[in-house]
Number of protein chains: 2
Amino acid sequence: MRQSQLFTKTKKEAPSDEVSKNAELLIRGGFIHKEMAGVYSYLPLGLRVIKNIENIIREEMNAIDGQEITMTALQEKETWEPTDQWSDEKIDVWFKTKLKNETELGLAVTHEAPVTKIMKSFIQSYRDLPKFVYQFQTKFRNEARAKSGIMRCREFEMKDLYSFCKDEQEHNEFYEKSKVAYQNIFKRTGIGHITYLTFASGGMFSKYSHEFQTITGAGEDTIYLDEVKGIAINKEVNNVETLSLLGLDKDKLVEKRAVEVGNIFTLGTRFSDALNLKYQTETGELKSVFMGSYGIGPGRLMGTVVEALADDKGIIWPESIAPFKVHLLVLGDDEAVSTEANKIYESLVKNNIEVLFDDRKEVSAGEKFADADLLGIPYRTVVSTRSMKDLSAGAGGGIELKKRTEEKGKIVSLDELINLLVTRT
Amino acid sequence: MRQSQLFTKTKKEAPSDEVSKNAELLIRGGFIHKEMAGVYSYLPLGLRVIKNIENIIREEMNAIDGQEITMTALQEKETWEPTDQWSDEKIDVWFKTKLKNETELGLAVTHEAPVTKIMKSFIQSYRDLPKFVYQFQTKFRNEARAKSGIMRCREFEMKDLYSFCKDEQEHNEFYEKSKVAYQNIFKRTGIGHITYLTFASGGMFSKYSHEFQTITGAGEDTIYLDEVKGIAINKEVNNVETLSLLGLDKDKLVEKRAVEVGNIFTLGTRFSDALNLKYQTETGELKSVFMGSYGIGPGRLMGTVVEALADDKGIIWPESIAPFKVHLLVLGDDEAVSTEANKIYESLVKNNIEVLFDDRKEVSAGEKFADADLLGIPYRTVVSTRSMKDLSAGAGGGIELKKRTEEKGKIVSLDELINLLVTRT
């Protein structure tokens with residue numbers, strides 16, 4: 001895409017009411033727009049990142065036999081009463097609204113109860129199990145405070161998967177698979193090396209649930225990490241029993257600030273009992289379906305990547321989720337340079353390489369470099385009279401290539417560039 | 001996908017509270033699930049149709065230089081007050097809710113005001129115009145009645161594009177392009193032949209707005225159609241002035257029931273004046289940006305396709321939006337037949353042909369045929385001892401192929417089938 005056509009622009013100043021680094025950089029870069037505290041619109045660059053993250057999550061959910069659906073934001077009182085989760089005392093982040101006839105409705109805080117009701121239409125027999133269902137859908141949470149940018153929102157997208165199994169054993173098998181799928185997701189989105197499986201309290205049906213916590217100073221959580229074993233525990237379960245069960249040594253645990261980028265949870269039969277989701281076993285007996293839930297917020301993941309990987313010049317996107325793979329800058333007014341840059345742009349497009357072409361006129365080289373650093377696209381390529389010296393001397397060259405994470409660039413030819421980028425796609 | 005793995009099942013009976021044909025068939029087929037009147041979840045088959053529709057719309061919006069974003073459902077009072085659209089008397093379908101601190105919020109009925117506020121960050125000069133921005137996002141409308149299935153919902157997805165131009169002339173150029181894009185969308189989704197550009201009242205800034213109305217008895221609107229000219233007018237503008245302006249003869253107009261599947265609207269400077277979205281002209285003057293809005297509901301389009309094209313056996317999907325291109329049925333318990341069917345399934349998958357494989361055991365041939373008709377996948381292929389006669393005799397064959405719209409099938413070989421389906425992809 002030509003940057004001159006992109007409707008967003010970078011800003012020099014951070015908005016004064018924005019205290020989080022992720023929102024500051026993302027707003028300055030034109031990735032997101034703040035509607036109100038904890039409520040952000042996604043602009044073209046930001047939406048491209050979100051869709052890349054979604055696609056990675058979708059692939060991993062499909063790989064463990066997840067079937068995609070979309071549930072609704074509007075929810076009925078009757079859906080949440082059986083598990084006693086309707087009253088504002090029990091769930092203190094409900095947004096409530098009303099139909100014309102004064103019937104009270106809630107805005108989806110989560111979807112365990114609605115998905116359980118849906119599955120009642122389709123699960124009758126042991127032959128119908130196991131089943132795994134997921135969605136990408138908006139959650140609404142009426143948070144008292146929202147100061148962490150896109151990491152804690154009042155309205156945000158979540159991927160939530162729900163598992164329906166015959167019994168705890170079948171559930172455990174899937175639960176272990178989901179751990180691997182989640183680890184794949186964090187690896188593929190570029191935060192695998194700083195994201196740790198973290199033991200948390202488990203509720204009624206299981207000793208522990210599991211969080212995936214990414215180390216960053218901006219995190220709202222505290223975890224205790226065994227850096228050698230690569231596992232952590234959270235505050236709730238930081239006790240003698242857990243330490244001994246996991247074979248952890250209190251003195252070797254390091255306290256860290258972290259963001260919960262995902263969680264997996266054994267629900268057991270809490271929802272299926274309350275909402276009467278039962279199946280007939282092989283021997284004709286009626287049994288409650290054994291459930292689990294598995295969440296990841298694509299927006300929170302995006303915010304975490306910004307917090308964890310950015311440097312003092314701006315964002316650094318991992319290639320897998322970057323809005324574009326390569327940023328092509330043309331410098332100066334020289335017509336030969338401009339023609340060459342356009343030629344390179346067309347070649348990249350033709351080779352299906354996602355490229356943002358900074359073809360803006362009347363913008364200085366310094367500004368273009370600063371914007372490239374702020375936007376954080378993995379490969380920066382520059383076409384200028386300097387980069388074209390080799391080319392005009394017939395010695396190849398023509399393009400200065402530099403990774404966002406490198407200090408110095410090198411001169412490459414168009415063929416070399418395409419080769420490098422195509423093989424990495 | 002193997003139908004035995006799909007978590008949804010078909011139902012013989014329509015839900016008793018569902019009066020619309022589209023919801024009846026879509027619920028029976030397992031495409032959607034009713035949460036409450038006017039609020040539906042999309043299950044795997046339904047979501048596949050929606051995504052196909054979205055992709056067609058997205059391609060057409062990108063082709064007219066639309067840039068995709070996602071705005072939010074939660075909206076502030078301050079956003080809608082300048083155009084006097086906050087009070088429930090002015091907009092009678094608001095769902096309202098509240099933050100913890102009692103601040104009132106509204107759930108997006110539409111997004112003209114929010115998008116205008118976003119553009120204030122990015123439009124300063126004539127050089128920044130024109131720009132075209134669109135999203136796929138949920139709208140919430142507190143309808144008093146919702147009896148048309150997914151054609152009129154309280155919560156539904158909408159593609160809404162907004163145009164920002166220097167003046168009326170630049171706007172008109174884009175407006176004409178948008179008409180063509182819309183016509184492409186309806187053609188590509190299989191309802192072009194029954195969808196008509198319909199003149200409606202235009203509001204402050206233009207004599208007319210335009211609706212795209214699809215003829216079906218289930219429609220909530222009445223239009224007056226000139227079948228020769230292929231244009232229509234709606235009730236609002238069915239008067240002498242409009243007839244003479246458009247050169248229509250009252251006696252040649254046919255009254256039809258129709259569904260509004262899209263609309264395009266000149267907003268002029270109503271929102272830019274009220275919210276102060278101005279740009280500097282080449283001569284340094286400050287001028288209000290000239291706007292337009294362009295809507296299509298993917299769910300309503302899907303419901304309209306069902307209403308308009310279904311027969312008494314079930315749904316008939318156009319190939320472009322069908323959940324799968326081909327439905328493969330295996331009949332009987334014969335092991336050779338089952339092995340052959342599995343081989344065919346794997347071949348289709350390998351050739352990237354979207355196939356639903358009805359590999360269910362203990363389901364009769366009659367039930368499988370009835371389900372295939374209900375689900376409406378364009379090509380039905382059957383593998384049975386009968387279809388395999390030719391094959392075992394070494395004369396090719398092996399598969400009975402029938403279009404959903406045809407009465408009789410024919411015997412083809414796997415190569416013939418793949419050839420047919422690949423060339424149509």
# chains A, B, ... in the order shown; residues from 1 in each chain; ligands from 1
>>> residues_around(residues="Asp167 of chain A", least_positions_apart="5", cutoff="10 Å", atoms="only C-alpha atoms", output="list in words")
Leu129, Pro130, Asn172, Gly268, Thr269, Lys287, Ser288, Val289, Phe290 and Met291 of chain A
>>> interface_residues(of="chain B", to="chain A", cutoff="8 Å", atoms="only C-alpha atoms", output="PyMOL selection string")
chain B and resi 6-9+33+35-36+39-44+47+67-76+95-101+118+122-123+128+131+142-144+155
>>> write_last_selection(atoms="N, CA and C atoms", output="short mmCIF file (atom, residue, chain, number, x, y, z; two decimals), in the first residue's frame")
data_model
loop_
_atom_site.label_atom_id
_atom_site.label_comp_id
_atom_site.auth_asym_id
_atom_site.auth_seq_id
_atom_site.Cartn_x
_atom_site.Cartn_y
_atom_site.Cartn_z
N LEU B 6 -18.89 -32.64 12.46
CA LEU B 6 -19.57 -31.35 12.62
C LEU B 6 -20.45 -31.40 13.87
N PHE B 7 -20.38 -30.39 14.73
CA PHE B 7 -21.16 -30.54 15.97
C PHE B 7 -22.64 -30.26 15.77
N THR B 8 -23.00 -29.55 14.70
CA THR B 8 -24.42 -29.28 14.48
C THR B 8 -25.09 -30.46 13.78
N LYS B 9 -26.40 -30.52 13.94
CA LYS B 9 -27.21 -31.54 13.27
C LYS B 9 -28.43 -30.85 12.67
N HIS B 33 -28.36 -20.21 15.46
CA HIS B 33 -29.05 -20.57 16.71
C HIS B 33 -29.73 -19.33 17.24
N GLU B 35 -30.89 -16.92 19.92
CA GLU B 35 -30.66 -16.58 21.34
C GLU B 35 -31.92 -15.98 21.95
N MET B 36 -32.55 -15.09 21.16
CA MET B 36 -33.84 -14.48 21.54
C MET B 36 -34.36 -13.85 20.25
N VAL B 39 -32.03 -11.98 17.68
CA VAL B 39 -30.62 -12.14 18.11
C VAL B 39 -30.20 -13.59 17.84
N TYR B 40 -29.30 -13.78 16.89
CA TYR B 40 -28.91 -15.12 16.45
C TYR B 40 -27.41 -15.32 16.51
N SER B 41 -27.00 -16.50 17.00
CA SER B 41 -25.60 -16.92 16.87
C SER B 41 -25.42 -17.61 15.53
N TYR B 42 -24.20 -17.51 14.99
CA TYR B 42 -23.87 -18.19 13.74
C TYR B 42 -23.03 -19.41 14.04
N LEU B 43 -23.54 -20.58 13.62
CA LEU B 43 -22.84 -21.85 13.84
C LEU B 43 -21.93 -22.12 12.63
N PRO B 44 -21.11 -23.19 12.66
CA PRO B 44 -20.07 -23.32 11.64
C PRO B 44 -20.55 -23.15 10.19
N LEU B 47 -21.55 -19.47 9.66
CA LEU B 47 -20.40 -18.56 9.68
C LEU B 47 -19.60 -18.66 8.38
N GLN B 67 -10.64 1.65 2.87
CA GLN B 67 -9.63 1.19 3.84
C GLN B 67 -10.37 0.66 5.06
N GLU B 68 -10.04 -0.57 5.44
CA GLU B 68 -10.82 -1.25 6.49
C GLU B 68 -10.36 -0.89 7.90
N ILE B 69 -11.32 -0.63 8.75
CA ILE B 69 -11.09 -0.35 10.17
C ILE B 69 -12.13 -1.14 10.98
N THR B 70 -12.07 -1.05 12.31
CA THR B 70 -13.15 -1.55 13.16
C THR B 70 -13.42 -0.55 14.27
N MET B 71 -14.62 0.01 14.29
CA MET B 71 -14.99 0.93 15.36
C MET B 71 -15.66 0.15 16.51
N THR B 72 -16.14 0.87 17.49
CA THR B 72 -16.59 0.19 18.71
C THR B 72 -18.10 0.26 18.87
N ALA B 73 -18.63 -0.65 19.69
CA ALA B 73 -20.06 -0.67 19.99
C ALA B 73 -20.39 0.39 21.04
N LEU B 74 -19.54 0.52 22.05
CA LEU B 74 -19.80 1.50 23.10
C LEU B 74 -19.55 2.91 22.57
N GLN B 75 -20.53 3.78 22.75
CA GLN B 75 -20.41 5.15 22.24
C GLN B 75 -20.85 6.15 23.30
N GLU B 76 -20.21 7.31 23.24
CA GLU B 76 -20.49 8.35 24.23
C GLU B 76 -21.61 9.28 23.79
N PHE B 95 -30.08 1.13 22.33
CA PHE B 95 -29.86 0.42 23.59
C PHE B 95 -28.90 1.29 24.40
N LYS B 96 -29.27 1.64 25.61
CA LYS B 96 -28.38 2.46 26.44
C LYS B 96 -27.85 1.62 27.60
N THR B 97 -26.67 1.98 28.09
CA THR B 97 -26.10 1.34 29.27
C THR B 97 -25.30 2.37 30.04
N LYS B 98 -24.59 1.96 31.08
CA LYS B 98 -23.91 2.92 31.95
C LYS B 98 -22.55 2.42 32.42
N LEU B 99 -21.59 3.33 32.52
CA LEU B 99 -20.34 3.02 33.21
C LEU B 99 -20.60 2.98 34.72
N LYS B 100 -19.64 2.45 35.47
CA LYS B 100 -19.74 2.39 36.94
C LYS B 100 -20.02 3.77 37.55
N ASN B 101 -19.44 4.79 36.93
CA ASN B 101 -19.62 6.14 37.48
C ASN B 101 -20.91 6.81 36.98
N ILE B 118 -13.13 10.33 14.30
CA ILE B 118 -11.83 9.72 13.99
C ILE B 118 -11.13 10.51 12.89
N PHE B 122 -7.10 13.09 11.15
CA PHE B 122 -6.29 12.79 9.97
C PHE B 122 -6.56 13.66 8.76
N ILE B 123 -7.66 14.38 8.76
CA ILE B 123 -7.97 15.23 7.60
C ILE B 123 -7.75 16.69 7.98
N ASP B 128 -5.47 15.63 1.78
CA ASP B 128 -5.89 14.42 2.51
C ASP B 128 -7.19 13.83 1.96
N LYS B 131 -11.06 10.34 0.95
CA LYS B 131 -10.74 9.11 1.67
C LYS B 131 -12.02 8.30 1.89
N ASN B 142 -32.72 -1.51 18.98
CA ASN B 142 -33.76 -1.96 19.91
C ASN B 142 -35.12 -1.93 19.22
N GLU B 143 -35.29 -2.87 18.28
CA GLU B 143 -36.53 -2.94 17.51
C GLU B 143 -37.67 -3.42 18.41
N ALA B 144 -38.83 -2.82 18.26
CA ALA B 144 -39.98 -3.24 19.06
C ALA B 144 -40.38 -4.67 18.68
N GLU B 155 -29.41 -7.29 16.98
CA GLU B 155 -27.95 -7.28 16.96
C GLU B 155 -27.53 -7.90 15.65
#
>>> residues_around(residues="Val337 of chain B", least_positions_apart="6", cutoff="10 Å", atoms="only C-alpha atoms", output="MDAnalysis selection string")
chainID B and resid 330:331 343 383:388 398
>>> write_last_selection(atoms="C-alpha atoms", output="CSV table (one decimal), in the first residue's frame")
chain,number,residue,atom,x,y,z
B,330,VAL,CA,-21.7,-42.2,1.0
B,331,LEU,CA,-24.6,-44.7,1.1
B,343,LYS,CA,-10.6,-41.8,-1.4
B,383,VAL,CA,-21.0,-42.8,-3.8
B,384,SER,CA,-23.0,-46.1,-3.6
B,385,THR,CA,-23.0,-49.6,-4.9
B,386,ARG,CA,-25.1,-48.3,-7.8
B,387,SER,CA,-22.8,-45.4,-8.6
B,388,MET,CA,-19.8,-47.7,-8.5
B,398,GLY,CA,-18.1,-44.1,-9.6
>>> residues_around(residues="segment 194-208 of chain A", least_positions_apart="3", cutoff="8 Å", atoms="only C-alpha atoms", output="compact mmCIF listing (two decimals) with N, CA and C atoms, in the first residue's frame")
# COMPACT_ATOMS: atom_id res chain seq x y z
N PHE A 186 1.89 -18.38 21.16
CA PHE A 186 2.79 -17.36 21.70
C PHE A 186 4.14 -17.39 21.00
N ILE A 191 6.28 -13.90 21.19
CA ILE A 191 6.51 -13.69 22.63
C ILE A 191 6.69 -15.02 23.37
N GLU A 211 -2.53 -20.09 33.49
CA GLU A 211 -2.43 -18.83 32.76
C GLU A 211 -1.16 -18.87 31.93
N PHE A 212 -1.16 -18.09 30.86
CA PHE A 212 0.08 -17.87 30.13
C PHE A 212 0.45 -16.42 30.39
N GLN A 213 1.56 -16.22 31.08
CA GLN A 213 1.95 -14.89 31.54
C GLN A 213 3.20 -14.44 30.79
N THR A 214 3.11 -13.24 30.22
CA THR A 214 4.25 -12.68 29.50
C THR A 214 4.93 -11.62 30.36
N ILE A 215 6.24 -11.77 30.51
CA ILE A 215 7.00 -10.87 31.37
C ILE A 215 7.09 -9.48 30.73
N ILE A 223 3.92 -12.65 39.16
CA ILE A 223 4.10 -14.11 39.14
C ILE A 223 5.45 -14.45 39.78
N GLY A 230 11.27 -22.99 33.74
CA GLY A 230 10.39 -22.30 32.79
C GLY A 230 8.93 -22.37 33.16
N ILE A 231 8.61 -22.56 34.44
CA ILE A 231 7.21 -22.47 34.86
C ILE A 231 7.07 -21.48 36.02
N ALA A 232 5.85 -21.02 36.19
CA ALA A 232 5.62 -19.99 37.21
C ALA A 232 4.35 -20.31 37.99
N ILE A 233 4.19 -19.65 39.11
CA ILE A 233 2.92 -19.73 39.86
C ILE A 233 2.44 -18.31 40.10
N ASN A 234 1.16 -18.13 40.25
CA ASN A 234 0.70 -16.78 40.54
C ASN A 234 0.45 -16.61 42.03
N LYS A 235 0.07 -15.42 42.43
CA LYS A 235 -0.09 -15.07 43.84
C LYS A 235 -1.02 -16.02 44.57
N GLU A 236 -2.17 -16.35 43.91
CA GLU A 236 -3.21 -17.16 44.55
C GLU A 236 -2.69 -18.50 45.10
N VAL A 237 -1.74 -19.08 44.35
CA VAL A 237 -1.30 -20.43 44.72
C VAL A 237 0.15 -20.45 45.21
N PHE A 265 -8.91 -23.33 31.51
CA PHE A 265 -9.64 -23.51 32.75
C PHE A 265 -10.54 -24.74 32.66
N THR A 266 -10.46 -25.59 33.64
CA THR A 266 -11.36 -26.73 33.73
C THR A 266 -12.67 -26.27 34.38
N LEU A 267 -13.76 -26.35 33.65
CA LEU A 267 -15.05 -25.94 34.21
C LEU A 267 -15.77 -27.11 34.87
N GLY A 268 -15.39 -28.34 34.47
CA GLY A 268 -16.09 -29.51 35.00
C GLY A 268 -17.55 -29.49 34.60
N THR A 269 -18.43 -29.80 35.53
CA THR A 269 -19.85 -29.90 35.21
C THR A 269 -20.66 -28.73 35.78
>>> closest_residue(among="B:Arg58, B:Lys325, B:Arg2, B:Lys120", to="Asp273 of chain B", atoms="only C-alpha atoms")
B:Lys120
>>> residues_around(residues="Pro82 of chain A", least_positions_apart="5", cutoff="12 Å", atoms="only C-alpha atoms", output="PDB file with N, CA and C atoms, in the first residue's frame")
ATOM      1  N   GLU A  76     -29.589 -12.971  27.723  1.00  0.00           N
ATOM      2  CA  GLU A  76     -30.761 -12.927  28.597  1.00  0.00           C
ATOM      3  C   GLU A  76     -30.421 -13.277  30.037  1.00  0.00           C
ATOM      4  N   LYS A  77     -31.180 -12.683  30.920  1.00  0.00           N
ATOM      5  CA  LYS A  77     -31.109 -12.992  32.348  1.00  0.00           C
ATOM      6  C   LYS A  77     -31.213 -14.497  32.605  1.00  0.00           C
ATOM      7  N   SER A  87     -26.522 -11.445  38.845  1.00  0.00           N
ATOM      8  CA  SER A  87     -26.589 -10.237  39.679  1.00  0.00           C
ATOM      9  C   SER A  87     -25.257  -9.487  39.646  1.00  0.00           C
ATOM     10  N   GLU A 112     -19.706 -18.827  28.583  1.00  0.00           N
ATOM     11  CA  GLU A 112     -19.877 -20.217  29.027  1.00  0.00           C
ATOM     12  C   GLU A 112     -21.340 -20.655  29.000  1.00  0.00           C
ATOM     13  N   ALA A 113     -22.212 -19.838  29.572  1.00  0.00           N
ATOM     14  CA  ALA A 113     -23.620 -20.250  29.661  1.00  0.00           C
ATOM     15  C   ALA A 113     -24.289 -20.271  28.279  1.00  0.00           C
ATOM     16  N   PRO A 114     -24.129 -19.222  27.453  1.00  0.00           N
ATOM     17  CA  PRO A 114     -24.746 -19.293  26.120  1.00  0.00           C
ATOM     18  C   PRO A 114     -24.264 -20.486  25.292  1.00  0.00           C
ATOM     19  N   THR A 116     -23.191 -23.336  26.360  1.00  0.00           N
ATOM     20  CA  THR A 116     -23.768 -24.554  26.941  1.00  0.00           C
ATOM     21  C   THR A 116     -25.205 -24.737  26.444  1.00  0.00           C
ATOM     22  N   LYS A 117     -25.945 -23.630  26.394  1.00  0.00           N
ATOM     23  CA  LYS A 117     -27.327 -23.714  25.891  1.00  0.00           C
ATOM     24  C   LYS A 117     -27.364 -24.129  24.423  1.00  0.00           C
ATOM     25  N   ARG A 270     -19.959 -27.653  36.168  1.00  0.00           N
ATOM     26  CA  ARG A 270     -20.672 -26.517  36.752  1.00  0.00           C
ATOM     27  C   ARG A 270     -21.789 -26.014  35.835  1.00  0.00           C
ATOM     28  N   PHE A 271     -21.436 -25.776  34.558  1.00  0.00           N
ATOM     29  CA  PHE A 271     -22.436 -25.232  33.632  1.00  0.00           C
ATOM     30  C   PHE A 271     -23.383 -26.315  33.109  1.00  0.00           C
ATOM     31  N   SER A 272     -22.845 -27.497  32.840  1.00  0.00           N
ATOM     32  CA  SER A 272     -23.709 -28.554  32.296  1.00  0.00           C
ATOM     33  C   SER A 272     -24.703 -29.035  33.355  1.00  0.00           C
ATOM     34  N   ASP A 273     -24.310 -29.060  34.618  1.00  0.00           N
ATOM     35  CA  ASP A 273     -25.269 -29.401  35.685  1.00  0.00           C
ATOM     36  C   ASP A 273     -26.367 -28.333  35.761  1.00  0.00           C
ATOM     37  N   ALA A 274     -25.937 -27.085  35.839  1.00  0.00           N
ATOM     38  CA  ALA A 274     -26.896 -26.002  36.052  1.00  0.00           C
ATOM     39  C   ALA A 274     -27.840 -25.837  34.863  1.00  0.00           C
ATOM     40  N   LEU A 275     -27.342 -26.059  33.664  1.00  0.00           N
ATOM     41  CA  LEU A 275     -28.149 -25.823  32.468  1.00  0.00           C
ATOM     42  C   LEU A 275     -28.623 -27.131  31.835  1.00  0.00           C
ATOM     43  N   ASN A 276     -28.333 -28.240  32.519  1.00  0.00           N
ATOM     44  CA  ASN A 276     -28.861 -29.532  32.111  1.00  0.00           C
ATOM     45  C   ASN A 276     -28.363 -29.994  30.737  1.00  0.00           C
TER      46      ASN A 276
END
>>> select_by_dssp(residues="segment 316-366 of chain B", states="strand (DSSP E or B)", output="list in words")
Val326, His327, Leu328, Leu329, Val330, Val355, Leu356, Phe357 and Asp358 of chain B
>>> closest_residue(among="A:Ala181, A:Leu348, A:Leu277, A:Ile316", to="Ile264 of chain A", atoms="only C-alpha atoms")
A:Ala181
>>> closest_residue(among="A:Tyr162, A:Tyr224, A:Tyr126, A:Trp80", to="Tyr294 of chain A", atoms="only C-alpha atoms")
A:Tyr162
